[in-house]
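Here is the structure we will look at, set down as structure tokens.
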Amino acid sequence: MADSQISPENTLSDLLDQCRKAGADAADARLGIADGVSVSVRDGRLESIEREESASIALRCFYGKRQASVSGADLSREGLKALAERCAAMARAVPEDKFCGLPDPSELIAGPADLDLSGEPEISAETLEREALAAEAAALAVPGVKTVAGCGTSWNRSTRWVAATNGFSAWKTGTSTSLGLSAVAEKNGQMERDYDSWSVRFTKDRPSAEEIGRTAGERTIARLGARKIATQKAPVIFDRRVSDSLIGALLGAISGPSIARGVSFLKDRMDQQVFAKGIYITDDPFRPLGMGSRVHDGEGLPVAETHLIEDGRLTTWLLNLPSARQLGLKSNGFASLGFGDPPGVSTSNVYLRPGKDSPGQLAKQIGKGLLVTDMFGPSINPNTGDYSVGVAGFWIEDGEIAWPVSEVTVAGDLPSMFARMVPANDLELRSTRDAPSILIEDMNLAGS
């Protein structure tokens with residue numbers, strides 16, 4: 001920042017004062033500082049090291065029922081004053097939005113709003129390079145792996161402060177480290193690739209670099225000799241590497257803005273049975289060091305652990321203040337980060353509760369079907385829930401993996417897919433959206 005003696009909190013406070021002096025009725029703002037280092041290797045040698053150090057400011061001003069947003073990187077007093085004047089002038093000029101506006105102070109979180117998600121202290125470039133080289137070597141040591149297309153590791157830290165003229169202020173800081181690579185193999189002129197990738201707060205919470213590399217190599221080799229399959233109806237098991245995309249489809253369908261616009265296949269299903277009995281999909285904002293953990297939503301409202309799906313029943317929409325106002329409802333803590341921008345909607349750490357059977361047991365139950373381990377560009381009709389996606393994976397015969405398959409399209413409709421969903425017991429909590437492997441019977445498969 002331009003003056004190291006000026007705190008981020010004071011910077012935001014001064015900025016909000018400047019907005020009011022410039023004629024804004026209300027305002028909110030966000031100041032973010034990020035730093036990190038990333039390393040990539042290739043063919044046993046260091047390929048690149050990149051260092052990031054950045055600071056940015058975002059500002060939103062209100063003039064009656066009008067709002068405007070601006071952002072910049074000039075944190076000097078003169079730069080911030082110019083930013084406030086520009087944003088206030090823009091807010092006076094734009095059309096009205098009758099649903100915009102800050103929360104009433106009575107709606108804001110009570111108690112501490114700050115959150116420290118610090119994990120690994122800064123990791124040196126030398127250590128990151130050593131980890132990446134170990135992962136690449138382990139992948140190349142798998143017989144049949146031809147090359148590693150990309151191998152990188154990184155450490156990042158981000159801190160943001162937010163404040164608004166309704167009295168809300170908070171800060172959040174967090175660090176993460178990641179390691180991932182993609183291996184390539186060839187058989188009879190056919191190239192296949194697969195990967196493994198982890199992002200965690202602490203390196204102790206992921207496999208070793210050697211294991212990550214070996215896993216990527218073994219997954220790649222397993223895909224060699226992929227066949228096409230005949231068009232048919234069959235059960236499909238979505239591996240836990242891809243099953244979370246089905247949860248993502250649900251989250252899009254219960255998004256408040258989608259419901260307000262009437263463009264969701266679940267718009268008339270509130271409090272109805274959408275999944276089978278026993279299915280729970282939960283948002284847990286308080287998971288210790290969770291990748292999406294938070295103590296308030298993107299508008300400063302309190303959050304809570306929530307069963308989005310409870311015993312198969314749809315219980316709530318994901319609302320921010322604008323969509324709640326449009327629907328005549330009360331916002332429920334699912335706003336994505338606003339403060340300087342109009343808020344969207346988001347969850348924190350969503351997971352599908354695991355079932356009782358392993359993926360192998362589910363495979364034995366179906367006897368024959370498709371195991372999906374990779375997918376390409378799902379297509380969803382938001383109004384009907386019609387669903388199709390290109391996939392690759394493995395064919396199951398007699399309850400066992402028989403051979404790899406590729407160039408298959410899986411299709412169905414999400415309402416009936418949700419109703420038939422059977423979760424396995426292999427849930428891993430490692431992201432902001434997690435699910436175990438999922439079995440869905442009677443899917444349409446388009447092959448050769």
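Please note that chains go A, B, ... in the order of the structure tokens, that every chain numbers its residues from 1, and that ligands are numbered from 1 in the order shown.
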### Message
Quick one: residues within 10 Å of A:Met421, only C-alpha atoms, excluding same-chain residues fewer than 4 positions away - as a ChimeraX atom specification?
### Response
/A:237,246,275-276,279,416-417,438-441
### Message
According to DSSP computed on the backbone, where in stretch 14-118 of chain A is there alpha helix (DSSP H)? Give the residues as a ChimeraX atom specification.
### Response
/A:14-21,77-93
Export, as a short mmCIF file (atom, residue, chain, number, x, y, z; two decimals), in the first residue's frame, the selected residues with C-alpha atoms.
data_model
loop_
_atom_site.label_atom_id
_atom_site.label_comp_id
_atom_site.auth_asym_id
_atom_site.auth_seq_id
_atom_site.Cartn_x
_atom_site.Cartn_y
_atom_site.Cartn_z
CA ASP A 14 -11.81 6.66 4.55
CA LEU A 15 -12.99 5.36 1.17
CA LEU A 16 -16.59 5.00 2.36
CA ASP A 17 -16.45 8.54 3.76
CA GLN A 18 -15.25 9.78 0.39
CA CYS A 19 -18.23 8.07 -1.26
CA ARG A 20 -20.69 9.92 0.95
CA LYS A 21 -18.90 13.21 0.34
CA ARG A 77 -5.26 8.69 -1.20
CA GLU A 78 -5.63 10.49 -4.49
CA GLY A 79 -6.43 7.28 -6.34
CA LEU A 80 -9.08 6.23 -3.81
CA LYS A 81 -10.69 9.68 -3.82
CA ALA A 82 -10.93 9.55 -7.62
CA LEU A 83 -12.37 6.02 -7.41
CA ALA A 84 -15.08 7.16 -4.96
CA GLU A 85 -16.05 10.17 -7.08
CA ARG A 86 -16.22 8.08 -10.24
CA CYS A 87 -18.34 5.36 -8.62
CA ALA A 88 -20.77 7.85 -7.05
CA ALA A 89 -21.19 9.62 -10.39
CA MET A 90 -21.87 6.33 -12.15
CA ALA A 91 -24.49 5.36 -9.55
CA ARG A 92 -26.42 8.57 -10.28
CA ALA A 93 -26.45 7.79 -14.01
#
### Task
Skip A:Arg66 itself and residues of its chain fewer than 3 positions away, then list as a VMD selection string all residues within 12 Å of it, counting only C-alpha atoms.
chain A and resid 24 to 27 60 to 63 69 87 to 102 342
Please produce a file of the residues just selected, as a PDB file, in the first residue's frame, where the atoms kept are N, CA and C atoms.
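Resulting contents of selection-v4.pdb:
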ATOM      1  N   ALA A  24     -22.968   9.725  -2.618  1.00  0.00           N
ATOM      2  CA  ALA A  24     -23.582   8.395  -2.511  1.00  0.00           C
ATOM      3  C   ALA A  24     -24.400   8.290  -1.229  1.00  0.00           C
ATOM      4  N   ASP A  25     -25.535   7.592  -1.301  1.00  0.00           N
ATOM      5  CA  ASP A  25     -26.355   7.355  -0.113  1.00  0.00           C
ATOM      6  C   ASP A  25     -25.763   6.251   0.764  1.00  0.00           C
ATOM      7  N   ALA A  26     -25.114   5.279   0.146  1.00  0.00           N
ATOM      8  CA  ALA A  26     -24.523   4.144   0.861  1.00  0.00           C
ATOM      9  C   ALA A  26     -23.443   3.546  -0.019  1.00  0.00           C
ATOM     10  N   ALA A  27     -22.597   2.717   0.590  1.00  0.00           N
ATOM     11  CA  ALA A  27     -21.510   2.098  -0.178  1.00  0.00           C
ATOM     12  C   ALA A  27     -20.963   0.906   0.579  1.00  0.00           C
ATOM     13  N   ARG A  60     -18.572  -0.318  -4.357  1.00  0.00           N
ATOM     14  CA  ARG A  60     -19.935  -0.207  -4.878  1.00  0.00           C
ATOM     15  C   ARG A  60     -20.622   0.962  -4.184  1.00  0.00           C
ATOM     16  N   CYS A  61     -21.256   1.832  -4.959  1.00  0.00           N
ATOM     17  CA  CYS A  61     -21.976   2.982  -4.426  1.00  0.00           C
ATOM     18  C   CYS A  61     -23.460   2.877  -4.780  1.00  0.00           C
ATOM     19  N   PHE A  62     -24.294   3.393  -3.866  1.00  0.00           N
ATOM     20  CA  PHE A  62     -25.736   3.415  -4.070  1.00  0.00           C
ATOM     21  C   PHE A  62     -26.218   4.861  -4.097  1.00  0.00           C
ATOM     22  N   TYR A  63     -27.137   5.126  -4.994  1.00  0.00           N
ATOM     23  CA  TYR A  63     -27.818   6.418  -5.051  1.00  0.00           C
ATOM     24  C   TYR A  63     -29.297   6.107  -5.212  1.00  0.00           C
ATOM     25  N   SER A  69     -20.530  -0.183  -9.662  1.00  0.00           N
ATOM     26  CA  SER A  69     -19.332  -0.802  -9.094  1.00  0.00           C
ATOM     27  C   SER A  69     -18.116  -0.421  -9.921  1.00  0.00           C
ATOM     28  N   CYS A  87     -17.294   6.330  -8.913  1.00  0.00           N
ATOM     29  CA  CYS A  87     -18.339   5.362  -8.618  1.00  0.00           C
ATOM     30  C   CYS A  87     -19.645   6.069  -8.249  1.00  0.00           C
ATOM     31  N   ALA A  88     -19.570   7.118  -7.429  1.00  0.00           N
ATOM     32  CA  ALA A  88     -20.774   7.849  -7.049  1.00  0.00           C
ATOM     33  C   ALA A  88     -21.434   8.486  -8.265  1.00  0.00           C
ATOM     34  N   ALA A  89     -20.633   9.032  -9.172  1.00  0.00           N
ATOM     35  CA  ALA A  89     -21.188   9.620 -10.388  1.00  0.00           C
ATOM     36  C   ALA A  89     -21.865   8.571 -11.260  1.00  0.00           C
ATOM     37  N   MET A  90     -21.270   7.412 -11.360  1.00  0.00           N
ATOM     38  CA  MET A  90     -21.868   6.326 -12.148  1.00  0.00           C
ATOM     39  C   MET A  90     -23.194   5.887 -11.545  1.00  0.00           C
ATOM     40  N   ALA A  91     -23.255   5.806 -10.206  1.00  0.00           N
ATOM     41  CA  ALA A  91     -24.486   5.361  -9.553  1.00  0.00           C
ATOM     42  C   ALA A  91     -25.637   6.319  -9.840  1.00  0.00           C
ATOM     43  N   ARG A  92     -25.363   7.596  -9.971  1.00  0.00           N
ATOM     44  CA  ARG A  92     -26.421   8.565 -10.277  1.00  0.00           C
ATOM     45  C   ARG A  92     -26.936   8.418 -11.708  1.00  0.00           C
ATOM     46  N   ALA A  93     -26.127   7.812 -12.581  1.00  0.00           N
ATOM     47  CA  ALA A  93     -26.454   7.788 -14.006  1.00  0.00           C
ATOM     48  C   ALA A  93     -27.112   6.502 -14.484  1.00  0.00           C
ATOM     49  N   VAL A  94     -27.005   5.404 -13.714  1.00  0.00           N
ATOM     50  CA  VAL A  94     -27.505   4.114 -14.199  1.00  0.00           C
ATOM     51  C   VAL A  94     -28.999   3.964 -13.908  1.00  0.00           C
ATOM     52  N   PRO A  95     -29.678   2.998 -14.582  1.00  0.00           N
ATOM     53  CA  PRO A  95     -31.101   2.759 -14.303  1.00  0.00           C
ATOM     54  C   PRO A  95     -31.308   2.225 -12.885  1.00  0.00           C
ATOM     55  N   GLU A  96     -32.538   2.363 -12.390  1.00  0.00           N
ATOM     56  CA  GLU A  96     -32.871   1.866 -11.061  1.00  0.00           C
ATOM     57  C   GLU A  96     -32.911   0.340 -11.029  1.00  0.00           C
ATOM     58  N   ASP A  97     -32.565  -0.204  -9.888  1.00  0.00           N
ATOM     59  CA  ASP A  97     -32.709  -1.629  -9.594  1.00  0.00           C
ATOM     60  C   ASP A  97     -33.425  -1.713  -8.251  1.00  0.00           C
ATOM     61  N   LYS A  98     -34.726  -1.984  -8.282  1.00  0.00           N
ATOM     62  CA  LYS A  98     -35.527  -1.877  -7.065  1.00  0.00           C
ATOM     63  C   LYS A  98     -35.181  -2.928  -6.012  1.00  0.00           C
ATOM     64  N   PHE A  99     -34.376  -3.918  -6.386  1.00  0.00           N
ATOM     65  CA  PHE A  99     -34.034  -4.972  -5.428  1.00  0.00           C
ATOM     66  C   PHE A  99     -32.639  -4.804  -4.825  1.00  0.00           C
ATOM     67  N   CYS A 100     -31.894  -3.787  -5.249  1.00  0.00           N
ATOM     68  CA  CYS A 100     -30.531  -3.626  -4.726  1.00  0.00           C
ATOM     69  C   CYS A 100     -30.564  -2.919  -3.378  1.00  0.00           C
ATOM     70  N   GLY A 101     -29.438  -2.921  -2.694  1.00  0.00           N
ATOM     71  CA  GLY A 101     -29.323  -2.240  -1.418  1.00  0.00           C
ATOM     72  C   GLY A 101     -28.607  -3.069  -0.376  1.00  0.00           C
ATOM     73  N   LEU A 102     -28.056  -2.386   0.625  1.00  0.00           N
ATOM     74  CA  LEU A 102     -27.344  -3.055   1.708  1.00  0.00           C
ATOM     75  C   LEU A 102     -28.323  -3.660   2.710  1.00  0.00           C
ATOM     76  N   PRO A 342     -22.001  -6.320  -6.966  1.00  0.00           N
ATOM     77  CA  PRO A 342     -23.295  -6.923  -6.642  1.00  0.00           C
ATOM     78  C   PRO A 342     -23.089  -8.384  -6.256  1.00  0.00           C
TER      79      PRO A 342
END
### Residue neighbourhood stretch 395-405 of chain A, 9 Å, only C-alpha atoms, exclusion window fewer than 5 positions, as a PyMOL selection string
chain A and resi 222-229+360-372
Dump N, CA and C atoms for the selected residues as a CSV table (one decimal), in the first residue's frame?
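As a result, out-v1.csv now contains:
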chain,number,residue,atom,x,y,z
A,222,ALA,N,-4.2,-47.3,-17.2
A,222,ALA,CA,-5.5,-48.0,-17.1
A,222,ALA,C,-6.4,-47.6,-18.3
A,223,ARG,N,-6.3,-46.4,-18.8
A,223,ARG,CA,-7.2,-46.0,-19.9
A,223,ARG,C,-6.7,-46.4,-21.3
A,224,LEU,N,-5.5,-47.0,-21.4
A,224,LEU,CA,-5.0,-47.5,-22.7
A,224,LEU,C,-5.9,-48.6,-23.3
A,225,GLY,N,-6.1,-48.6,-24.6
A,225,GLY,CA,-6.9,-49.6,-25.2
A,225,GLY,C,-8.4,-49.4,-25.1
A,226,ALA,N,-8.8,-48.1,-24.9
A,226,ALA,CA,-10.2,-47.8,-24.7
A,226,ALA,C,-11.0,-48.2,-25.9
A,227,ARG,N,-12.2,-48.7,-25.6
A,227,ARG,CA,-13.2,-49.2,-26.7
A,227,ARG,C,-14.4,-48.3,-26.7
A,228,LYS,N,-15.1,-48.3,-27.8
A,228,LYS,CA,-16.5,-47.7,-27.8
A,228,LYS,C,-17.5,-48.8,-27.4
A,229,ILE,N,-18.6,-48.3,-27.0
A,229,ILE,CA,-19.7,-49.3,-26.6
A,229,ILE,C,-20.9,-49.0,-27.5
A,360,GLY,N,-17.3,-50.8,-5.2
A,360,GLY,CA,-17.2,-52.1,-5.6
A,360,GLY,C,-18.4,-52.9,-5.4
A,361,GLN,N,-19.0,-52.7,-4.2
A,361,GLN,CA,-20.3,-53.4,-3.9
A,361,GLN,C,-21.4,-53.0,-4.8
A,362,LEU,N,-21.4,-51.7,-5.1
A,362,LEU,CA,-22.5,-51.2,-6.1
A,362,LEU,C,-22.2,-51.8,-7.4
A,363,ALA,N,-21.0,-51.9,-7.9
A,363,ALA,CA,-20.7,-52.6,-9.1
A,363,ALA,C,-21.2,-54.0,-9.2
A,364,LYS,N,-21.0,-54.7,-8.1
A,364,LYS,CA,-21.5,-56.1,-8.0
A,364,LYS,C,-23.0,-56.2,-8.1
A,365,GLN,N,-23.6,-55.2,-7.5
A,365,GLN,CA,-25.1,-55.2,-7.5
A,365,GLN,C,-25.7,-55.0,-8.9
A,366,ILE,N,-25.0,-54.1,-9.7
A,366,ILE,CA,-25.6,-53.9,-11.0
A,366,ILE,C,-25.1,-54.9,-12.0
A,367,GLY,N,-24.0,-55.6,-11.8
A,367,GLY,CA,-23.5,-56.6,-12.7
A,367,GLY,C,-22.8,-56.1,-13.9
A,368,LYS,N,-23.6,-55.2,-14.7
A,368,LYS,CA,-23.1,-54.7,-15.9
A,368,LYS,C,-23.4,-53.2,-16.0
A,369,GLY,N,-22.5,-52.4,-16.5
A,369,GLY,CA,-22.8,-51.0,-16.6
A,369,GLY,C,-21.5,-50.2,-16.8
A,370,LEU,N,-21.6,-48.9,-16.6
A,370,LEU,CA,-20.5,-47.9,-17.0
A,370,LEU,C,-20.0,-47.2,-15.7
A,371,LEU,N,-18.7,-47.2,-15.5
A,371,LEU,CA,-18.1,-46.4,-14.5
A,371,LEU,C,-17.5,-45.2,-15.2
A,372,VAL,N,-17.9,-44.0,-14.8
A,372,VAL,CA,-17.5,-42.8,-15.4
A,372,VAL,C,-16.4,-42.2,-14.5
Considering only C-alpha atoms, return as a PDB file with N, CA and C atoms, in the first residue's frame whatever protein or nucleic-acid residues lie within 8 Å of stretch 263-272 of chain A, sequence-local ones (same chain, fewer than 2 positions apart) excluded.
ATOM      1  N   ALA A 253     -29.834 -25.219  -9.778  1.00  0.00           N
ATOM      2  CA  ALA A 253     -31.292 -25.279  -9.885  1.00  0.00           C
ATOM      3  C   ALA A 253     -32.006 -24.664  -8.691  1.00  0.00           C
ATOM      4  N   ILE A 254     -31.326 -24.570  -7.530  1.00  0.00           N
ATOM      5  CA  ILE A 254     -31.969 -23.971  -6.354  1.00  0.00           C
ATOM      6  C   ILE A 254     -31.403 -22.586  -6.046  1.00  0.00           C
ATOM      7  N   SER A 258     -32.081 -17.875 -10.151  1.00  0.00           N
ATOM      8  CA  SER A 258     -32.730 -18.752 -11.128  1.00  0.00           C
ATOM      9  C   SER A 258     -34.212 -18.928 -10.803  1.00  0.00           C
ATOM     10  N   ILE A 259     -34.519 -19.097  -9.516  1.00  0.00           N
ATOM     11  CA  ILE A 259     -35.908 -19.249  -9.109  1.00  0.00           C
ATOM     12  C   ILE A 259     -36.677 -17.958  -9.388  1.00  0.00           C
ATOM     13  N   ALA A 260     -36.060 -16.813  -9.085  1.00  0.00           N
ATOM     14  CA  ALA A 260     -36.725 -15.527  -9.314  1.00  0.00           C
ATOM     15  C   ALA A 260     -37.006 -15.301 -10.798  1.00  0.00           C
ATOM     16  N   ARG A 261     -36.118 -15.793 -11.665  1.00  0.00           N
ATOM     17  CA  ARG A 261     -36.323 -15.644 -13.113  1.00  0.00           C
ATOM     18  C   ARG A 261     -37.217 -16.736 -13.672  1.00  0.00           C
ATOM     19  N   VAL A 274     -37.398 -34.661  -3.672  1.00  0.00           N
ATOM     20  CA  VAL A 274     -36.646 -34.541  -4.919  1.00  0.00           C
ATOM     21  C   VAL A 274     -35.681 -35.714  -5.081  1.00  0.00           C
ATOM     22  N   ARG A 313     -35.777 -34.445   0.775  1.00  0.00           N
ATOM     23  CA  ARG A 313     -36.710 -33.328   0.568  1.00  0.00           C
ATOM     24  C   ARG A 313     -35.942 -32.021   0.370  1.00  0.00           C
ATOM     25  N   LEU A 314     -36.370 -31.229  -0.608  1.00  0.00           N
ATOM     26  CA  LEU A 314     -35.785 -29.924  -0.857  1.00  0.00           C
ATOM     27  C   LEU A 314     -36.271 -28.941   0.204  1.00  0.00           C
ATOM     28  N   THR A 315     -35.337 -28.288   0.910  1.00  0.00           N
ATOM     29  CA  THR A 315     -35.717 -27.469   2.067  1.00  0.00           C
ATOM     30  C   THR A 315     -35.551 -25.969   1.860  1.00  0.00           C
ATOM     31  N   THR A 316     -34.729 -25.529   0.887  1.00  0.00           N
ATOM     32  CA  THR A 316     -34.421 -24.099   0.834  1.00  0.00           C
ATOM     33  C   THR A 316     -33.942 -23.692  -0.550  1.00  0.00           C
ATOM     34  N   PRO A 382     -31.770 -25.685 -18.182  1.00  0.00           N
ATOM     35  CA  PRO A 382     -32.190 -25.277 -16.835  1.00  0.00           C
ATOM     36  C   PRO A 382     -33.687 -25.348 -16.612  1.00  0.00           C
ATOM     37  N   ASN A 383     -34.472 -25.272 -17.673  1.00  0.00           N
ATOM     38  CA  ASN A 383     -35.926 -25.294 -17.523  1.00  0.00           C
ATOM     39  C   ASN A 383     -36.490 -26.698 -17.361  1.00  0.00           C
ATOM     40  N   THR A 384     -35.892 -27.671 -18.045  1.00  0.00           N
ATOM     41  CA  THR A 384     -36.408 -29.040 -18.011  1.00  0.00           C
ATOM     42  C   THR A 384     -35.533 -29.996 -17.218  1.00  0.00           C
ATOM     43  N   GLY A 385     -34.255 -29.655 -17.055  1.00  0.00           N
ATOM     44  CA  GLY A 385     -33.326 -30.568 -16.412  1.00  0.00           C
ATOM     45  C   GLY A 385     -32.767 -31.616 -17.342  1.00  0.00           C
ATOM     46  N   PRO A 415     -34.320 -34.428 -12.887  1.00  0.00           N
ATOM     47  CA  PRO A 415     -35.311 -34.783 -11.871  1.00  0.00           C
ATOM     48  C   PRO A 415     -35.389 -36.288 -11.602  1.00  0.00           C
TER      49      PRO A 415
END
### Query
Hey, what's within 10 Å of A:Arg130 if we count only C-alpha atoms and toss same-chain stuff fewer than 5 positions away? As JSON, numbers by chain, please?
{"A": [39, 41, 46, 125, 135, 153, 209]}
File of the preceding selection, C-alpha atoms, as a compact mmCIF listing (two decimals), in the first residue's frame:
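Result written to selection-v4.txt:
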# COMPACT_ATOMS: atom_id res chain seq x y z
CA VAL A 39 6.63 -23.75 -9.82
CA VAL A 41 8.82 -28.65 -14.03
CA LEU A 46 12.74 -26.61 -13.52
CA ALA A 125 10.34 -22.22 -4.32
CA ALA A 135 5.80 -36.25 -8.52
CA THR A 153 2.91 -26.96 -7.44
CA ALA A 209 4.28 -36.10 -4.04
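The interatomic distance for the pair atom CA of A:Gly256 and atom CA of A:Thr165 works out to 25.2 Å.
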Among stretch 167-387 of chain A, which residues carry a DSSP assignment of strand (DSSP E), reported as a CSV table (one decimal) with C-alpha atoms, in the first residue's frame?
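Output below, filename states00.csv:
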chain,number,residue,atom,x,y,z
A,169,SER,CA,-16.6,-4.8,8.7
A,170,ALA,CA,-14.6,-8.0,8.7
A,171,TRP,CA,-11.5,-9.6,7.4
A,172,LYS,CA,-10.6,-13.1,6.3
A,173,THR,CA,-7.2,-14.7,5.5
A,174,GLY,CA,-6.2,-18.1,4.2
A,175,THR,CA,-3.4,-20.1,2.7
A,176,SER,CA,-3.4,-23.1,0.5
A,177,THR,CA,-0.9,-25.3,-1.4
A,178,SER,CA,-1.5,-27.4,-4.4
A,179,LEU,CA,0.2,-30.1,-6.5
A,180,GLY,CA,-1.0,-31.7,-9.7
A,181,LEU,CA,0.2,-33.3,-12.9
A,182,SER,CA,-1.1,-34.9,-16.0
A,183,ALA,CA,0.5,-38.1,-17.5
A,184,VAL,CA,0.4,-39.2,-21.1
A,185,ALA,CA,0.7,-42.8,-22.5
A,186,GLU,CA,0.3,-44.3,-26.0
A,187,LYS,CA,-0.8,-47.7,-27.3
A,190,GLN,CA,-3.9,-44.0,-29.4
A,191,MET,CA,-2.9,-41.4,-26.8
A,192,GLU,CA,-4.5,-41.3,-23.4
A,193,ARG,CA,-3.9,-39.0,-20.5
A,194,ASP,CA,-5.1,-38.7,-16.9
A,195,TYR,CA,-4.1,-36.8,-13.8
A,196,ASP,CA,-4.1,-36.4,-10.1
A,197,SER,CA,-4.4,-33.0,-8.3
A,198,TRP,CA,-4.7,-31.9,-4.7
A,199,SER,CA,-5.2,-28.5,-3.0
A,200,VAL,CA,-5.1,-28.4,0.8
A,232,GLN,CA,-28.0,-48.8,-24.9
A,233,LYS,CA,-29.6,-48.2,-21.5
A,234,ALA,CA,-27.4,-49.2,-18.5
A,235,PRO,CA,-26.6,-48.3,-14.9
A,236,VAL,CA,-23.9,-45.7,-14.5
A,237,ILE,CA,-21.6,-45.2,-11.5
A,238,PHE,CA,-20.1,-41.7,-11.4
A,281,ILE,CA,-26.9,-32.8,1.0
A,282,THR,CA,-25.5,-30.4,3.6
A,283,ASP,CA,-23.7,-27.0,3.5
A,306,THR,CA,-28.0,-26.3,6.5
A,307,HIS,CA,-29.4,-29.4,5.0
A,308,LEU,CA,-30.3,-28.3,1.5
A,309,ILE,CA,-31.7,-31.7,1.0
A,310,GLU,CA,-33.1,-33.4,4.1
A,313,ARG,CA,-36.7,-33.3,0.6
A,314,LEU,CA,-35.8,-29.9,-0.9
A,350,VAL,CA,-21.3,-28.7,0.4
A,351,TYR,CA,-21.3,-32.5,0.7
A,352,LEU,CA,-23.5,-35.4,-0.1
A,369,GLY,CA,-22.8,-51.0,-16.6
A,370,LEU,CA,-20.5,-47.9,-17.0
A,371,LEU,CA,-18.1,-46.4,-14.5
A,372,VAL,CA,-17.5,-42.8,-15.4
A,373,THR,CA,-14.1,-41.3,-14.4
A,374,ASP,CA,-13.9,-38.3,-16.7
A,375,MET,CA,-16.4,-36.0,-18.3
A,376,PHE,CA,-16.4,-33.3,-20.9
A,377,GLY,CA,-18.7,-30.3,-21.0
A,378,PRO,CA,-22.0,-31.3,-19.4
A,379,SER,CA,-25.0,-29.8,-21.1
A,380,ILE,CA,-28.1,-29.0,-18.9
A,386,ASP,CA,-32.5,-32.5,-19.6
A,387,TYR,CA,-28.9,-33.6,-19.2
### Task
Might you pull out every residue within 12 Å of A:Glu53, with only C-alpha atoms counted and same-chain residues fewer than 2 positions away left off, and present them as a count of residues only?
17
